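Asker: This is the structure I have questions about; it appears just below.
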Amino acid sequence: MKEITLEKVIKVLKGKYIGNKSLKNRVVSGVSVDSRKIKEKEIFFALKGKNFDGHDFIKEATKKSKLPAVSEKEIKGSEIILVKDSLKSLGDLASYYKKERNVFTIAVTGSIGKTTTKDFIGAVFSTSYPTLISFKNYNNLIGVPLNLFRLEDEKIAVLELGTNKFGEIKRLSEIVEPDLGVITGIGSTHLEAFKNKEGVLREKLDIISGLKGPLFINGDDPLLRKIKMDKLIKVGFSEGNDFVFKIIEESINGTIFSTKDKQFLIKLPSRGLLRCAMFAVSIGLYYGLEKRKIQKGLLKIKNSPHRMEIKITGDYNIIDDTYNSNPDSLLNAIAFLPLMPGRKVVVLGPMLELGEASFSLHKRMGERLKLLINELIVIGEEAKGFLEGFSGGHFAKDKEEALQILKEILRCGDTILFKSSRALKLETLVDKLIKEEKNCSTYSPL
């Protein structure tokens, strides 16, 4: 973060300074919401969470930072900047700081593939400009401002905007004021809050509240196709999109694809990851980046842990897609199975936060699996809908029981897909299976 004066922070936040007024010329070189990690010259924002209240740690934070804290209440014996809402103030300061940096900002939202799309776009632009790519999946009302404070001399910033309740995307878009927006797709995610896909669409479309330029969308998505607005750029496989893509060759080692008579390569599996790359290519071409630089950027992206990560052992072909799960990402994962050898075994934990539609969506996914795979194992009561749709399969009450079932049914050379919502931490089952040696002496892996 570039230094700004404490006096400027107070002015931007319209806060009341309670402390030694002669120290207003001190400089701020960072922002923190964690009193355990705060450093000198970093200003602390006291935020209220479900399990903590940052106001309880103001004295510890100010002692380390040697700066006042941003607080919603007076703390005896501590210097503070008194504001009505610390979270809003965090966003307000981030918005001011971003404008001062004069950076071209790309914001990515959607129900699936946000993080990978953000990474692809960032990698493509980084071949031509100093580029800030948002850290991990810091995509909420706290994470997005913290990413903006990382800006220094970059020309491009690529940020991910996430949500799990109405109003968050609107606020994030107003903070970021993106020059370009992306909606990767509308799926059945966070339905406890949004009720249905139309609710998800309404929330995601709020990205336009602060948008200053074009909006790139998945033009194959039936809900997004209905959008009518200026500067709408549609990306997809279907004719009628502004950028129409074709798959030239597809394998476990990657995909060759093309648009506008230009071919590109990604060394990643799955159609879902390909769609992420398609946005990066489209945006790069739209802004006149050279093909060779776009291709160079695409090859920078390696598979992230637990996201369609193929692990070939001496016994099995394992697809570790345990990072998260929802109906759309599950469909992307199972669509890749025909490219893999051997019998197809799928191990699924529940898809969470689907609200009243949870059982029916699990059942529907089970029906889709029926004609594609040989064996299905589901873990936990919330995942039983898969079995209903599959009309069979195996139920395990926990991961240990699932491992025992796997030992009984697996054959040398099988392909096993593991997928679940993050809460189950299904990757631990993957690790345990890999440690189990079947000694398939006659099996030659991929």
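A note on labels: chains of the structure tokens are A, B, ... as shown, every chain counts residues from 1, and ligands are counted from 1 in their shown order.
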If you run DSSP on the backbone, which residues of stretch 169-358 of chain A are helix (DSSP H, G or I), as a ChimeraX atom specification?
Answerer: /A:169-176,191-194,197-209,224-226,271-286,291-298,327-335,337-339,355-358
Asker: Residues within 10 Å of A:Asp119, please, as a ChimeraX atom specification. Count only C-alpha atoms; anything in the same chain fewer than 5 positions from it doesn't count.
Answerer: /A:113-114,124,133-136,158-160,276-277,280,297-298,300-302
Asker: Can you work out the spacing between atom CA of A:Leu82 and atom CA of A:Val70 in Å, to one decimal?
Answerer: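 These two atoms are separated by 6.2 Å.
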Asker: Rounded to one decimal in Å, what is the spacing between atom CA of A:Leu406 and atom CA of A:Lys344?
Answerer: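 That distance, rounded to one decimal, is 12.3 Å.
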Asker: Neighbouring residues of stretch 147-152 of chain A were defined as those with any atom within 8 Å, considering only C-alpha atoms; residues of the same chain fewer than 4 positions away were excluded. Please report them as a ChimeraX atom specification.
Answerer: /A:1-2,30-31,94-95,97-98,101,132,134-135,138,143,159
Asker: With C-alpha atoms retained, could you export that selection as an mmCIF file, in the first residue's frame?
Answerer:
```
data_model
loop_
_atom_site.group_PDB
_atom_site.id
_atom_site.type_symbol
_atom_site.label_atom_id
_atom_site.label_comp_id
_atom_site.auth_asym_id
_atom_site.auth_seq_id
_atom_site.Cartn_x
_atom_site.Cartn_y
_atom_site.Cartn_z
ATOM 1 C CA MET A 1 0.000 0.000 0.000
ATOM 2 C CA LYS A 2 1.192 3.514 -0.816
ATOM 3 C CA GLY A 30 -1.346 -0.578 5.537
ATOM 4 C CA VAL A 31 -4.756 -1.749 6.706
ATOM 5 C CA ALA A 94 -10.664 1.196 -0.192
ATOM 6 C CA SER A 95 -12.772 2.961 -2.820
ATOM 7 C CA TYR A 97 -7.540 4.488 -2.370
ATOM 8 C CA LYS A 98 -8.395 2.664 -5.612
ATOM 9 C CA ARG A 101 -4.218 4.662 -8.001
ATOM 10 C CA LEU A 132 -2.740 -7.039 -9.449
ATOM 11 C CA SER A 134 -6.900 -10.606 -6.081
ATOM 12 C CA PHE A 135 -5.417 -12.830 -3.417
ATOM 13 C CA TYR A 138 -10.798 -12.794 -0.944
ATOM 14 C CA GLY A 143 -11.591 -9.338 1.317
ATOM 15 C CA LEU A 159 -10.848 -8.783 -8.619
#
```
Asker: Can you list, as a ChimeraX atom specification, every protein, DNA or RNA residue that comes within 10 Å of A:Leu339 when you count only C-alpha atoms, leaving out same-chain residues fewer than 3 positions away?
Answerer: /A:250-252,269-270,335-336,342
Asker: Taking into account only C-alpha atoms, which residue in the set A:Ala402, A:Leu211, A:Ile247, A:Met308 is nearest to A:Gly272?
Answerer: A:Met308
Asker: Between A:Leu6, A:Cys440, A:Glu382, A:Leu172, which is the closest to A:Lys21 once you count only C-alpha atoms?
Answerer: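 Between A:Leu6, A:Cys440, A:Glu382, A:Leu172, the residue approaching A:Lys21 most closely is A:Leu6.
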Asker: Neighbouring residues of A:Gly167 were defined as those with any atom within 12 Å, considering only C-alpha atoms; residues of the same chain fewer than 3 positions away were excluded. Please report them as JSON, numbers by chain.
Answerer: {"A": [140, 141, 161, 162, 163, 164, 170, 171, 172, 173, 174, 193, 194, 199, 200, 202, 203, 204, 205, 206, 207, 209]}
Asker: Might you pull out every residue within 9 Å of A:Asp34, with only C-alpha atoms counted and same-chain residues fewer than 4 positions away left off, and present them as a ChimeraX atom specification?
Answerer: /A:38,44-46,54,57,61
Asker: Apply DSSP to the backbone of this structure and, from stretch 140-377 of chain A, keep only the residues in strand (DSSP E or B); write these as an MDAnalysis selection string.
Answerer: chainID A and resid 156:160 180:183 215:218 232:236 243:244 246:251 254:259 262:266 309:312 317:321 344:348 375:377
Asker: Would you save the residues from that selection as a PDB file, in the first residue's frame, using C-alpha atoms?
Answerer:
```
ATOM      1  CA  ILE A 156      -4.585  -3.473 -14.134  1.00  0.00           C
ATOM      2  CA  ALA A 157      -6.457  -4.996 -11.183  1.00  0.00           C
ATOM      3  CA  VAL A 158      -8.487  -8.201 -11.531  1.00  0.00           C
ATOM      4  CA  LEU A 159     -10.848  -8.783  -8.619  1.00  0.00           C
ATOM      5  CA  GLU A 160     -13.334 -11.478  -7.656  1.00  0.00           C
ATOM      6  CA  LEU A 180     -15.121  -4.143 -17.042  1.00  0.00           C
ATOM      7  CA  GLY A 181     -17.414  -6.757 -15.502  1.00  0.00           C
ATOM      8  CA  VAL A 182     -17.742 -10.516 -15.951  1.00  0.00           C
ATOM      9  CA  ILE A 183     -20.602 -12.849 -14.990  1.00  0.00           C
ATOM     10  CA  LEU A 215     -20.143  -6.561 -19.243  1.00  0.00           C
ATOM     11  CA  PHE A 216     -18.905  -9.956 -20.458  1.00  0.00           C
ATOM     12  CA  ILE A 217     -21.326 -12.832 -19.834  1.00  0.00           C
ATOM     13  CA  ASN A 218     -21.647 -16.553 -20.466  1.00  0.00           C
ATOM     14  CA  LEU A 232     -22.955  -6.504 -23.465  1.00  0.00           C
ATOM     15  CA  ILE A 233     -20.394  -9.034 -24.764  1.00  0.00           C
ATOM     16  CA  LYS A 234     -21.528 -12.670 -24.972  1.00  0.00           C
ATOM     17  CA  VAL A 235     -18.994 -15.496 -24.775  1.00  0.00           C
ATOM     18  CA  GLY A 236     -19.709 -19.174 -25.429  1.00  0.00           C
ATOM     19  CA  PHE A 243     -17.053 -14.642 -29.210  1.00  0.00           C
ATOM     20  CA  VAL A 244     -17.919 -18.136 -30.470  1.00  0.00           C
ATOM     21  CA  LYS A 246     -14.920 -24.354 -30.802  1.00  0.00           C
ATOM     22  CA  ILE A 247     -13.068 -27.268 -29.217  1.00  0.00           C
ATOM     23  CA  ILE A 248     -10.397 -28.631 -31.570  1.00  0.00           C
ATOM     24  CA  GLU A 249      -8.958 -31.355 -29.344  1.00  0.00           C
ATOM     25  CA  GLU A 250      -9.660 -32.404 -25.752  1.00  0.00           C
ATOM     26  CA  SER A 251      -7.763 -34.755 -23.428  1.00  0.00           C
ATOM     27  CA  GLY A 254      -5.494 -30.065 -21.833  1.00  0.00           C
ATOM     28  CA  THR A 255      -7.633 -28.572 -24.565  1.00  0.00           C
ATOM     29  CA  ILE A 256      -6.958 -26.884 -27.900  1.00  0.00           C
ATOM     30  CA  PHE A 257      -9.740 -24.440 -28.767  1.00  0.00           C
ATOM     31  CA  SER A 258     -10.354 -21.552 -31.131  1.00  0.00           C
ATOM     32  CA  THR A 259     -12.274 -18.329 -31.735  1.00  0.00           C
ATOM     33  CA  LYS A 262      -7.193 -18.043 -33.612  1.00  0.00           C
ATOM     34  CA  GLN A 263      -6.207 -21.233 -31.770  1.00  0.00           C
ATOM     35  CA  PHE A 264      -5.243 -21.446 -28.108  1.00  0.00           C
ATOM     36  CA  LEU A 265      -4.140 -24.140 -25.662  1.00  0.00           C
ATOM     37  CA  ILE A 266      -4.734 -24.661 -21.964  1.00  0.00           C
ATOM     38  CA  GLU A 309      -6.712 -32.265  -9.995  1.00  0.00           C
ATOM     39  CA  ILE A 310      -5.812 -35.563 -11.681  1.00  0.00           C
ATOM     40  CA  LYS A 311      -3.703 -37.870  -9.528  1.00  0.00           C
ATOM     41  CA  ILE A 312      -2.446 -41.015 -11.237  1.00  0.00           C
ATOM     42  CA  ASN A 317      -6.860 -42.649 -11.862  1.00  0.00           C
ATOM     43  CA  ILE A 318      -8.125 -40.164  -9.263  1.00  0.00           C
ATOM     44  CA  ILE A 319      -9.892 -36.863  -9.979  1.00  0.00           C
ATOM     45  CA  ASP A 320      -9.676 -34.697  -6.862  1.00  0.00           C
ATOM     46  CA  ASP A 321     -12.374 -32.028  -7.255  1.00  0.00           C
ATOM     47  CA  LYS A 344     -16.057 -44.842 -13.417  1.00  0.00           C
ATOM     48  CA  VAL A 345     -16.562 -44.583  -9.642  1.00  0.00           C
ATOM     49  CA  VAL A 346     -17.894 -41.355  -8.107  1.00  0.00           C
ATOM     50  CA  VAL A 347     -17.698 -40.409  -4.415  1.00  0.00           C
ATOM     51  CA  LEU A 348     -19.924 -37.490  -3.445  1.00  0.00           C
ATOM     52  CA  GLU A 375     -20.464 -47.081  -8.991  1.00  0.00           C
ATOM     53  CA  LEU A 376     -21.703 -44.276  -6.742  1.00  0.00           C
ATOM     54  CA  ILE A 377     -20.865 -43.685  -3.079  1.00  0.00           C
TER      55      ILE A 377
END
```
Asker: Could you tell me how far atom CA of A:Ser238 lies from atom CA of A:Leu299, in Å and to one decimal?
Answerer: 25.1 Å
Asker: Which is closer to A:Arg368 than all the others in A:Pro145, A:Gly380, A:Gly187, A:Gly389, using only C-alpha atoms?
Answerer: A:Gly389
